[in-house]
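Data file: target01.tsv. Format and content: TSV, C-alpha atoms.
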chain	number	residue	atom	x	y	z
A	266	GLU	CA	-7.69	-3.80	15.82
A	267	ASP	CA	-5.74	-5.43	13.00
A	268	GLN	CA	-1.97	-5.12	13.37
A	269	VAL	CA	1.09	-6.05	11.31
A	270	THR	CA	4.70	-6.07	12.50
A	271	GLN	CA	7.60	-6.70	10.16
A	272	SER	CA	11.14	-7.70	11.07
A	273	PRO	CA	13.89	-6.87	10.66
A	274	GLU	CA	13.44	-3.18	9.85
A	275	ALA	CA	16.51	-3.29	7.61
A	276	LEU	CA	18.61	-6.13	6.20
A	277	ARG	CA	21.86	-6.06	4.25
A	278	LEU	CA	22.91	-9.18	2.33
A	279	GLN	CA	25.64	-10.08	-0.09
A	280	GLU	CA	24.58	-11.12	-3.57
A	281	GLY	CA	23.68	-14.80	-3.46
A	282	GLU	CA	23.12	-14.85	0.33
A	283	SER	CA	19.63	-16.24	0.99
A	284	SER	CA	17.46	-15.00	3.89
A	285	SER	CA	13.89	-14.53	5.11
A	286	LEU	CA	11.74	-11.55	6.05
A	287	ASN	CA	9.11	-11.93	8.76
A	288	CYS	CA	5.58	-10.56	9.00
A	289	SER	CA	3.63	-11.13	12.22
A	290	TYR	CA	-0.04	-10.26	12.25
A	291	THR	CA	-3.19	-10.16	14.33
A	292	VAL	CA	-6.46	-9.85	12.44
A	293	SER	CA	-10.15	-10.55	12.94
A	294	GLY	CA	-10.88	-13.14	10.28
A	295	LEU	CA	-8.09	-13.08	7.71
A	296	ARG	CA	-9.37	-12.54	4.19
A	297	GLY	CA	-5.92	-12.23	2.65
A	298	LEU	CA	-2.27	-11.46	3.37
A	299	PHE	CA	-0.47	-9.41	0.75
A	300	TRP	CA	3.21	-8.83	-0.05
A	301	TYR	CA	4.30	-5.74	-1.97
A	302	ARG	CA	7.65	-4.42	-3.13
A	303	GLN	CA	8.31	-0.67	-3.07
A	304	ASP	CA	11.20	1.10	-4.78
A	305	PRO	CA	12.22	4.61	-3.66
A	306	GLY	CA	9.84	7.31	-4.94
A	307	LYS	CA	7.37	4.77	-6.33
A	308	GLY	CA	4.15	3.13	-5.26
A	309	PRO	CA	4.03	-0.44	-3.93
A	310	GLU	CA	4.13	-3.20	-6.56
A	311	PHE	CA	1.99	-6.28	-5.93
A	312	LEU	CA	3.86	-9.56	-5.40
A	313	PHE	CA	1.63	-12.17	-3.73
A	314	THR	CA	-1.69	-12.84	-2.00
A	315	LEU	CA	-1.98	-15.69	0.51
A	316	TYR	CA	-5.38	-16.75	1.84
A	317	SER	CA	-4.95	-19.64	4.27
A	318	ALA	CA	-2.37	-21.20	6.57
A	319	GLY	CA	-0.07	-23.59	4.74
A	320	GLU	CA	-0.34	-21.79	1.43
A	321	GLU	CA	2.86	-20.99	-0.48
A	322	LYS	CA	3.51	-18.91	-3.61
A	323	GLU	CA	6.66	-18.38	-5.65
A	324	LYS	CA	7.89	-15.84	-8.15
A	325	GLU	CA	11.47	-15.98	-9.45
A	326	ARG	CA	13.75	-15.74	-6.37
A	327	LEU	CA	10.88	-15.00	-3.96
A	328	LYS	CA	8.72	-17.45	-2.03
A	329	ALA	CA	5.96	-16.44	0.40
A	330	THR	CA	4.53	-18.72	3.07
A	331	LEU	CA	1.70	-18.30	5.58
A	332	THR	CA	0.91	-19.64	9.05
A	333	LYS	CA	-1.94	-18.64	11.38
A	334	LYS	CA	0.20	-15.91	12.96
A	335	GLU	CA	3.05	-15.17	10.55
A	336	SER	CA	4.10	-14.92	6.96
A	337	PHE	CA	7.62	-15.27	5.62
A	338	LEU	CA	9.13	-13.93	2.42
A	339	HIS	CA	12.08	-16.12	1.51
A	340	ILE	CA	14.65	-14.69	-0.87
A	341	THR	CA	16.91	-17.24	-2.56
A	342	ALA	CA	20.26	-16.20	-4.09
A	343	PRO	CA	19.26	-12.52	-4.26
A	344	LYS	CA	20.64	-10.07	-6.81
A	345	PRO	CA	21.25	-6.31	-6.40
A	346	GLU	CA	18.03	-5.58	-8.31
A	347	ASP	CA	16.09	-7.23	-5.46
A	348	SER	CA	17.03	-4.25	-3.26
A	349	ALA	CA	13.79	-2.54	-2.20
A	350	THR	CA	11.42	-2.13	0.74
A	351	TYR	CA	9.14	-5.14	1.16
A	352	LEU	CA	5.72	-4.44	2.65
A	353	CYS	CA	3.31	-6.93	4.23
A	354	ALA	CA	-0.39	-6.14	4.62
A	355	VAL	CA	-3.51	-7.91	5.88
A	356	GLN	CA	-7.13	-7.62	4.89
A	357	GLY	CA	-9.48	-8.43	7.74
A	358	GLY	CA	-13.04	-9.63	8.15
A	359	ILE	CA	-16.25	-7.94	7.05
A	360	GLN	CA	-15.54	-4.65	8.85
A	361	GLY	CA	-12.02	-4.53	7.47
A	362	ALA	CA	-12.66	-5.83	3.99
A	363	GLN	CA	-12.36	-2.43	2.42
A	364	LYS	CA	-8.80	-1.73	3.52
A	365	LEU	CA	-5.30	-3.13	3.84
A	366	VAL	CA	-3.40	-2.72	7.10
A	367	PHE	CA	0.32	-2.46	6.34
A	368	GLY	CA	3.42	-3.13	8.38
A	369	GLN	CA	6.26	-0.63	8.42
A	370	GLY	CA	8.25	-2.60	5.87
A	371	THR	CA	11.67	-4.26	5.68
A	372	ARG	CA	14.32	-2.31	3.78
A	373	LEU	CA	16.43	-4.88	1.93
A	374	THR	CA	19.84	-4.04	0.43
A	375	ILE	CA	21.73	-6.55	-1.69
A	376	ASN	CA	25.41	-5.72	-2.14
A	377	PRO	CA	27.19	-6.98	-5.31
B	197	ASP	CA	-2.15	-0.81	-20.73
B	198	ALA	CA	-1.78	2.25	-18.53
B	199	GLY	CA	-1.49	1.69	-14.83
B	200	VAL	CA	-2.88	3.91	-12.08
B	201	THR	CA	-1.99	7.52	-12.82
B	202	GLN	CA	-1.77	10.28	-10.25
B	203	SER	CA	-1.30	14.01	-10.55
B	204	PRO	CA	0.54	16.08	-9.67
B	205	THR	CA	3.68	14.09	-8.81
B	206	HIS	CA	4.97	16.72	-6.40
B	207	LEU	CA	3.28	19.59	-4.59
B	208	ILE	CA	4.45	22.24	-2.13
B	209	LYS	CA	1.87	24.05	0.01
B	210	THR	CA	1.89	26.23	3.11
B	211	ARG	CA	0.04	25.64	6.34
B	212	GLY	CA	-3.68	26.43	6.16
B	213	GLN	CA	-3.96	25.98	2.41
B	214	GLN	CA	-6.13	23.44	0.63
B	215	VAL	CA	-4.97	20.78	-1.85
B	216	THR	CA	-6.64	18.48	-4.41
B	217	LEU	CA	-4.96	15.31	-5.61
B	218	ARG	CA	-6.19	13.37	-8.64
B	219	CYS	CA	-6.20	9.71	-9.60
B	220	SER	CA	-7.18	7.71	-12.69
B	221	PRO	CA	-7.64	3.97	-12.10
B	222	ILE	CA	-6.68	1.10	-14.38
B	223	SER	CA	-9.20	0.73	-17.17
B	224	GLY	CA	-12.02	-1.54	-16.01
B	225	HIS	CA	-11.34	-1.02	-12.31
B	226	LYS	CA	-14.29	0.43	-10.42
B	227	SER	CA	-12.79	0.72	-6.94
B	228	VAL	CA	-10.33	3.41	-5.87
B	229	SER	CA	-8.56	3.66	-2.51
B	230	TRP	CA	-6.38	6.38	-1.02
B	231	TYR	CA	-3.46	5.82	1.36
B	232	GLN	CA	-1.05	8.14	3.17
B	233	GLN	CA	2.57	7.05	3.55
B	234	VAL	CA	4.86	8.93	5.90
B	235	LEU	CA	8.59	8.45	5.32
B	236	GLY	CA	9.82	5.21	6.86
B	237	GLN	CA	6.34	3.81	7.51
B	238	GLY	CA	3.87	1.64	5.67
B	239	PRO	CA	0.85	3.14	3.86
B	240	GLN	CA	-2.15	4.04	6.03
B	241	PHE	CA	-5.72	3.72	4.73
B	242	ILE	CA	-7.69	6.93	4.18
B	243	PHE	CA	-10.70	6.12	1.93
B	244	GLN	CA	-12.18	3.54	-0.39
B	245	TYR	CA	-14.73	4.31	-3.10
B	246	TYR	CA	-16.67	1.85	-5.22
B	247	GLU	CA	-19.22	2.74	-7.86
B	248	LYS	CA	-19.01	6.38	-6.73
B	249	GLU	CA	-19.95	5.57	-3.12
B	250	GLU	CA	-17.73	5.71	-0.05
B	251	ARG	CA	-17.20	2.16	1.19
B	252	GLY	CA	-14.64	2.80	3.91
B	253	ARG	CA	-12.94	5.58	5.83
B	254	GLY	CA	-9.78	5.37	7.90
B	255	ASN	CA	-8.89	7.23	11.07
B	256	PHE	CA	-8.32	10.65	9.50
B	257	PRO	CA	-9.89	14.00	10.46
B	258	ASP	CA	-12.77	15.58	8.56
B	259	ARG	CA	-10.27	17.86	6.81
B	260	PHE	CA	-9.77	14.90	4.49
B	261	SER	CA	-12.48	14.23	1.90
B	262	ALA	CA	-12.73	12.42	-1.40
B	263	ARG	CA	-15.07	11.64	-4.22
B	264	GLN	CA	-15.30	9.34	-7.22
B	265	PHE	CA	-16.60	10.42	-10.60
B	266	PRO	CA	-18.77	8.53	-13.15
B	267	ASN	CA	-15.62	7.55	-15.09
B	268	TYR	CA	-14.25	6.05	-11.81
B	269	SER	CA	-11.49	8.61	-11.44
B	270	SER	CA	-11.13	10.12	-7.99
B	271	GLU	CA	-10.02	13.22	-6.11
B	272	LEU	CA	-8.67	13.54	-2.59
B	273	ASN	CA	-9.08	16.92	-0.91
B	274	VAL	CA	-7.29	18.09	2.20
B	275	ASN	CA	-8.30	21.37	3.84
B	276	ALA	CA	-6.47	23.52	6.37
B	277	LEU	CA	-3.14	21.79	5.76
B	278	LEU	CA	-0.89	21.03	8.71
B	279	LEU	CA	2.85	20.32	8.71
B	280	GLY	CA	2.02	16.73	9.66
B	281	ASP	CA	0.12	16.25	6.41
B	282	SER	CA	3.45	16.11	4.56
B	283	ALA	CA	3.59	12.63	3.07
B	284	LEU	CA	3.35	10.51	-0.06
B	285	TYR	CA	-0.32	10.13	-1.02
B	286	LEU	CA	-0.99	6.90	-2.86
B	287	CYS	CA	-3.97	6.00	-4.97
B	288	ALA	CA	-4.76	2.37	-5.68
B	289	SER	CA	-7.35	0.74	-7.88
B	290	SER	CA	-8.91	-2.70	-7.91
B	291	ALA	CA	-11.59	-4.42	-9.93
B	292	TYR	CA	-13.82	-4.60	-6.82
B	293	PRO	CA	-13.46	-4.06	-3.06
B	294	GLY	CA	-11.31	-6.77	-1.52
B	295	ASP	CA	-9.39	-7.56	-4.71
B	296	LYS	CA	-5.64	-6.96	-4.88
B	297	LEU	CA	-4.66	-3.32	-5.15
B	298	PHE	CA	-2.57	-1.76	-7.89
B	299	PHE	CA	-0.88	1.44	-6.76
B	300	GLY	CA	0.11	4.58	-8.59
B	301	SER	CA	3.45	6.29	-8.03
B	302	GLY	CA	1.90	8.77	-5.64
B	303	THR	CA	1.82	12.50	-5.03
B	304	GLN	CA	4.57	13.80	-2.74
B	305	LEU	CA	3.01	16.60	-0.68
B	306	SER	CA	5.23	18.96	1.29
B	307	VAL	CA	3.59	21.41	3.71
B	308	LEU	CA	5.81	24.31	4.79
Would you write the structure of this file as structure tokens?
Amino acid sequence: EDQVTQSPEALRLQEGESSSLNCSYTVSGLRGLFWYRQDPGKGPEFLFTLYSAGEEKEKERLKATLTKKESFLHITAPKPEDSATYLCAVQGGIQGAQKLVFGQGTRLTINP
Amino acid sequence: DAGVTQSPTHLIKTRGQQVTLRCSPISGHKSVSWYQQVLGQGPQFIFQYYEKEERGRGNFPDRFSARQFPNYSSELNVNALLLGDSALYLCASSAYPGDKLFFGSGTQLSVL
């Protein structure tokens, strides 16, 4: 069964203090690893898709990387508006292609 | 362009009642998925529909059912509501199964 574990569960940073969020996964034939951002009371907002180990993608202060067992979301010089819950999800092989399996999320708070 | 729209935004029901949640996908998207998100956890897959056919079902009881209409909108029905069904129900659309998902803001269901 596909599984995703995110760490830490919660993270508090000062504005400008860079850090990384971790997503560990087990999946039968990875088709894609997805990162989403979720604000309170809203649905997840798509950030990145990674398909193979070694791949990296960037968007503003965020950079996502992928290995065969983990993905990292690096946040550089964060601002208070980056505060949100960050969700990682995997899409598995043929049997799992129709769904995303999510982790429990990392709740990120950036203090001004 | 309008994103994924869901109605109602909030709903309060009592145990044993039935509920219908509605979803309109992004224009041009033919696949709709439903997820349940309990507070503090990541979304959990319920159903995926593509071209009006069920393409995937998660580990939910038969009290949960869904359908997709010719205009690609979708309904999720839950019968015989239990207290544990209280959650945020998210609808997501994609151009085709396996493509990245775009989520609506969800329907917050409270069962008393």
Practice item. Find the spatial neighbours of Val292 (chain A), counting only C-alpha atoms, within a cut-off of 10 Å - ignore same-chain residues fewer than 2 positions away - and output them as a ChimeraX atom specification. Key: /A:266-269,290,294-296,333-334,355-358,361,366
**Study point:** Atomic separation - CA of Ala262 (chain B) relative to CA of Glu247 (chain B), Å
**Key:**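 Computing the Euclidean distance for CA of Glu247 (chain B) and CA of Ala262 (chain B) yields 13.3 Å.
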Practice item. Using only C-alpha atoms, pick whichever of B:Gln240, B:Asn273, B:Gln264, B:Ser289 has the shortest atom-to-atom distance to chain A. Key: B:Gln240
Exercise for review: Please provide the set of residues having any atom within 7 Å of region 295-306 of chain B, restricted to only C-alpha atoms, with same-chain residues fewer than 4 positions apart removed, written as a VMD selection string.
Suggested key: (chain A and resid 307 to 311) or (chain B and resid 200 to 209 282 to 291)
Point to revise | Distance-based interface of chain A with chain B, 12 Å, counting only C-alpha atoms, as a PyMOL selection string | key: chain A and resi 268-271+274-275+295-316+350-372
Check your understanding: Skipping near chain neighbours, those fewer than 3 positions away, what residues fall within 9 Å of Ser223 (chain B) using only C-alpha atoms, listed as a PyMOL selection string?
Key -> chain B and resi 197-200+220+226
Considering all atoms listed in the file, return as a CSV table (one decimal) with C-alpha atoms, keeping the file's coordinate frame whatever protein or nucleic-acid residues lie within 7 Å of Ser284 (chain A), sequence-local ones (same chain, fewer than 5 positions apart) excluded.
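Okay, this is what ended up in around-v7.csv:
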chain,number,residue,atom,x,y,z
A,339,HIS,CA,12.1,-16.1,1.5
A,340,ILE,CA,14.6,-14.7,-0.9
A,341,THR,CA,16.9,-17.2,-2.6
Review point. What is the distance between CA of Arg259 (chain B) and CA of Gly280 (chain B), in Å to one decimal?
Key: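 So the answer is 12.7 Å.
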Review point. So how many Å separate CA of Ser283 (chain A) and CA of Thr330 (chain A), to one decimal?
Key: 15.4 Å
